[in-house]
Amino acid sequence: MKKILKQTWKTIRYNIRSLLIFEAGYRAATFFLVMQLVRFFVDFSLKQQGFSYLTAENYKEFLQYPLSVVFLALVFLVILIFYFVEVAALLCGFVYSAKEKKLYAGDFFILGIKKTVSFFRHSKVSWLVCAACSGPFLAAYFLVREISYIQILEFTARQIYKEIKSPMLIYGFLGVLLLISFLFVFALPYCILEKKKNWQGFLSGMKLFRTHWKRILLDFCFLHVFMLLFILITYSVVMLILAAGVFFFKPEAVKISSIFIYSEYVNMALGIYAGGVQLIGSIAFVYTVYTKFHIQPKDEEEHLFYKKMEQYFWYSKLGRRKAAGLLTALFVLLEGIYFGFLVINHDTTLSHLAADTEITAHRGGAWKAPENTISALQYTIDSGADYAEIDVQETKDGELILLHDDSLKRTAGVKKNVWDMTLKQVEKLDAGASFHKKFRGEKIPEFTEVLKFCKGRLDLNIEIKYNGKNKGIVNKVVRAIKENHFEDHCVVTSMNYQFLKQIKKTAPEIRTGYIMTMTYGGVQGMEAADFFSVKHTYVDEKFVTQAHALGKEVHVWTVNYKGDAKRMLDMGVDNIITDDPIMVRKVQNRESGSSTGYVELLRYAFRF
């Protein structure tokens, strides 16, 4: 085991400086290009469909649109090409390192392009199979990290998880996919260095793996444990330094915001960094196994590489050293431009601090009392929150009650949907026992009962739930609001935009909010919404600025962490929906403490 891993490290180490410069520049540049390409395609496709925004309500329609399908295929193709150039560059670089020949960062790029073009010529369209099959395993670290960072990817993953009823199917599929991809990784040296066809390369790789599978598998596992530890240690050290820098050099008033902002950059870069570490280590290991257990044919083409390059005027004029140096500088420049672009487009100023940001207790104060009950509303009043957010549903006999889920199972212990139960049946249920024994006997309140209880004491954020069986619910809610003269003391929200249009048609004086799980693009043209209620993880300064420019407010949900509350306040959001209104009020009033210690900054940095 030690011999293979030692040789793997030797292969990496020989040209490590040039290798790291190439990887840093190439990954930053390609990540930037792909992100801009995706943004352009999504914006263009949305425009063709007549949407200015992408959110949960129109997401499926967007994906099913033929132009979106074509664009997604093109993006996938571009990603595969970028990936293949990188793999080819590393393999060719390791060939030179094994022969103890020095390379510049630009040499890696030139070799990668050359080998990729050469492979494409002899493999035709089948190169897609080689790239697509080996990619999932080699990009696993990167994908796992970036899916949690890139909003559209995270939302897509969540939607897939919701659509597939059995999580075991997802895990099983991913397991099989990673296994196939892992085995196909051993085909890469045969396909790229020896120009074998995909199937021949796969069979050769399988033969190589099968002959020494125990030793290879054990070493590979050990290598990945080491890489994960290396990534974790590097990340921790960076965060420790970052927290120290903020602690010593930032004013007290902006320490928390600064650590939150800068840690976002670190977390974004972590995916790129982790992916690079995995790819370099895995390719170096596979190449070491390939050279140790397989006799490679002599490739005279590599020896003639620079002689062929000298035929080009620009190369002969500059010379190898200057040409490689120029390409290296280009990589570094692209990386700098990319991160500069991020900084410019990420408003880190603290001028938006809003002492008048309002606070809404989620589901009436669901942390201290059973959600959507009179007791919860009483807690909201006592906590000093500005609003209580409540959820309104319709029973079988058309009566309005407070309930979040379609089913009464979670809150009242009855496995029935709300549209299958009458008001009298609902009144017999206990909505408090499952929360705490002291709330035993707590009832599910009627909507009108809640309006009367809150009048003159508390304003309400009334969310109308859409379940496909309550098309007449909007008129009933509006009628109840008007009958109780509550128009000036509530806002009405929904994830169904048509509901908001109905409200504006019948009661334009009632303020409305569009609940958006995820938002992308512009939000122009949404006249039926006076404000946007968005999940806080999808809100940034750009969105807040855009909404305010349209005269719209931004409400964020559900903020239960001090760092998130501080970040939202600094962005200038108009309302924070939370399960802990007292915590948010303390952060808003800066009552959380006179000074922020180093350990507390670390907790914010690591999101503890």
# chains A, B, ... in the order shown; residues from 1 in each chain; ligands from 1

$ residues_around --residues "segment 431-446 of chain A" --least-positions-apart "3" --cutoff "10 Å" --atoms "only C-alpha atoms" --output "count of residues only"
30

$ residues_around --residues "Lys255 of chain A" --least-positions-apart "6" --cutoff "9 Å" --atoms "only C-alpha atoms" --output "PyMOL selection string"
chain A and resi 246-247+249+596+601

$ residues_around --residues "segment 110-119 of chain A" --least-positions-apart "6" --cutoff "8 Å" --atoms "only C-alpha atoms" --output "number ranges by chain"
A: 84-90, 92-93, 127, 191-193, 195

$ residues_around --residues "Ile473 of chain A" --least-positions-apart "2" --cutoff "12 Å" --atoms "only C-alpha atoms" --output "number ranges by chain"
A: 392-401, 419, 447, 463-471, 475-480, 494, 498-500, 502-503

$ atom_distance --atom1 "atom CA of Met421 of chain A" --atom2 "atom CA of Val474 of chain A"
19.5 Å

$ closest_residue --among "A:Leu550, A:Val539, A:Ala98, A:Leu242" --to "Gly525 of chain A" --atoms "only C-alpha atoms"
A:Leu550

$ closest_residue --among "A:Tyr273, A:Ile180, A:Gln48, A:Arg210" --to "Arg145 of chain A" --atoms "only C-alpha atoms"
A:Tyr273

$ closest_residue --among "A:Thr422, A:Asn575, A:Ser407, A:Ser18" --to "Tyr104 of chain A" --atoms "only C-alpha atoms"
A:Ser18

$ closest_residue --among "A:Val277, A:Val69, A:Ala388, A:Leu458" --to "Phe226 of chain A" --atoms "only C-alpha atoms"
A:Val277

$ closest_residue --among "A:Ala547, A:Ile510, A:Val556, A:Ala24" --to "Val523 of chain A" --atoms "only C-alpha atoms"
A:Ala547

$ select_by_dssp --residues "segment 348-522 of chain A" --states "strand (DSSP E or B)" --output "mmCIF file with C-alpha atoms, in the first residue's frame"
data_model
loop_
_atom_site.group_PDB
_atom_site.id
_atom_site.type_symbol
_atom_site.label_atom_id
_atom_site.label_comp_id
_atom_site.auth_asym_id
_atom_site.auth_seq_id
_atom_site.Cartn_x
_atom_site.Cartn_y
_atom_site.Cartn_z
ATOM 1 C CA GLU A 358 -40.528 44.300 11.264
ATOM 2 C CA ILE A 359 -40.629 40.876 12.915
ATOM 3 C CA THR A 360 -43.182 38.157 12.309
ATOM 4 C CA ALA A 361 -43.671 35.119 14.545
ATOM 5 C CA TYR A 387 -46.973 40.231 13.135
ATOM 6 C CA ALA A 388 -48.001 36.628 13.587
ATOM 7 C CA GLU A 389 -47.932 34.424 10.507
ATOM 8 C CA ILE A 390 -50.887 32.005 10.361
ATOM 9 C CA ASP A 391 -52.018 29.374 7.844
ATOM 10 C CA VAL A 392 -55.625 29.147 6.709
ATOM 11 C CA GLN A 393 -57.276 25.990 5.341
ATOM 12 C CA GLU A 394 -60.839 25.024 4.429
ATOM 13 C CA LEU A 400 -62.009 28.284 7.625
ATOM 14 C CA ILE A 401 -59.559 27.040 10.261
ATOM 15 C CA LEU A 402 -55.879 27.508 11.120
ATOM 16 C CA SER A 407 -53.156 16.416 7.029
ATOM 17 C CA ASN A 417 -56.808 15.460 5.336
ATOM 18 C CA GLU A 446 -61.537 29.053 13.472
ATOM 19 C CA ASP A 459 -51.378 42.274 13.095
ATOM 20 C CA LEU A 460 -51.521 39.108 11.013
ATOM 21 C CA ASN A 461 -49.716 37.613 8.032
ATOM 22 C CA ILE A 462 -52.468 35.365 6.659
ATOM 23 C CA GLU A 463 -51.168 32.625 4.374
ATOM 24 C CA ILE A 464 -53.850 31.000 2.234
ATOM 25 C CA CYS A 490 -53.139 42.217 7.963
ATOM 26 C CA VAL A 491 -51.334 41.085 4.871
ATOM 27 C CA VAL A 492 -52.409 38.059 2.840
ATOM 28 C CA THR A 493 -49.828 35.752 1.316
ATOM 29 C CA SER A 494 -49.813 32.603 -0.782
ATOM 30 C CA ARG A 511 -51.682 44.127 0.998
ATOM 31 C CA THR A 512 -50.532 40.869 -0.600
ATOM 32 C CA GLY A 513 -47.293 38.887 -0.594
ATOM 33 C CA TYR A 514 -46.068 36.205 -2.985
ATOM 34 C CA ILE A 515 -44.340 33.334 -1.157
ATOM 35 C CA MET A 516 -41.346 32.109 -3.128
ATOM 36 C CA TYR A 520 -34.078 33.558 -9.953
ATOM 37 C CA GLY A 521 -34.129 36.362 -12.468
#

$ closest_residue --among "A:Leu188, A:Cys221, A:Ile280, A:Met35" --to "Phe22 of chain A" --atoms "only C-alpha atoms"
A:Ile280

$ select_by_dssp --residues "segment 13-140 of chain A" --states "alpha helix (DSSP H)" --output "ChimeraX atom specification"
/A:13-14,16-49,59-64,66-98,105-123,127-138,140

$ residues_around --residues "Tyr65 of chain A" --least-positions-apart "5" --cutoff "10 Å" --atoms "only C-alpha atoms" --output "list in words"
Ser45, Leu46, Gln48, Gln49, Lys60 and Val70 of chain A

$ residues_around --residues "Arg13 of chain A" --least-positions-apart "5" --cutoff "9 Å" --atoms "only C-alpha atoms" --output "ChimeraX atom specification"
/A:8,19,97

$ write_last_selection --atoms "N, CA, C and O atoms" --output "PDB file, in the first residue's frame"
ATOM      1  N   THR A   8       2.242   7.810  -5.880  1.00  0.00           N
ATOM      2  CA  THR A   8       1.194   8.781  -6.234  1.00  0.00           C
ATOM      3  C   THR A   8       1.607  10.180  -5.811  1.00  0.00           C
ATOM      4  O   THR A   8       1.475  11.145  -6.574  1.00  0.00           O
ATOM      5  N   LEU A  19       1.283  22.617 -11.409  1.00  0.00           N
ATOM      6  CA  LEU A  19       0.016  21.894 -11.334  1.00  0.00           C
ATOM      7  C   LEU A  19      -1.025  22.698 -10.558  1.00  0.00           C
ATOM      8  O   LEU A  19      -2.180  22.834 -10.992  1.00  0.00           O
ATOM      9  N   SER A  97       5.747  14.125 -15.383  1.00  0.00           N
ATOM     10  CA  SER A  97       6.296  14.073 -14.024  1.00  0.00           C
ATOM     11  C   SER A  97       6.973  12.739 -13.757  1.00  0.00           C
ATOM     12  O   SER A  97       8.017  12.680 -13.097  1.00  0.00           O
TER      13      SER A  97
END

$ atom_distance --atom1 "atom CA of Glu154 of chain A" --atom2 "atom CA of Thr517 of chain A"
11.3 Å
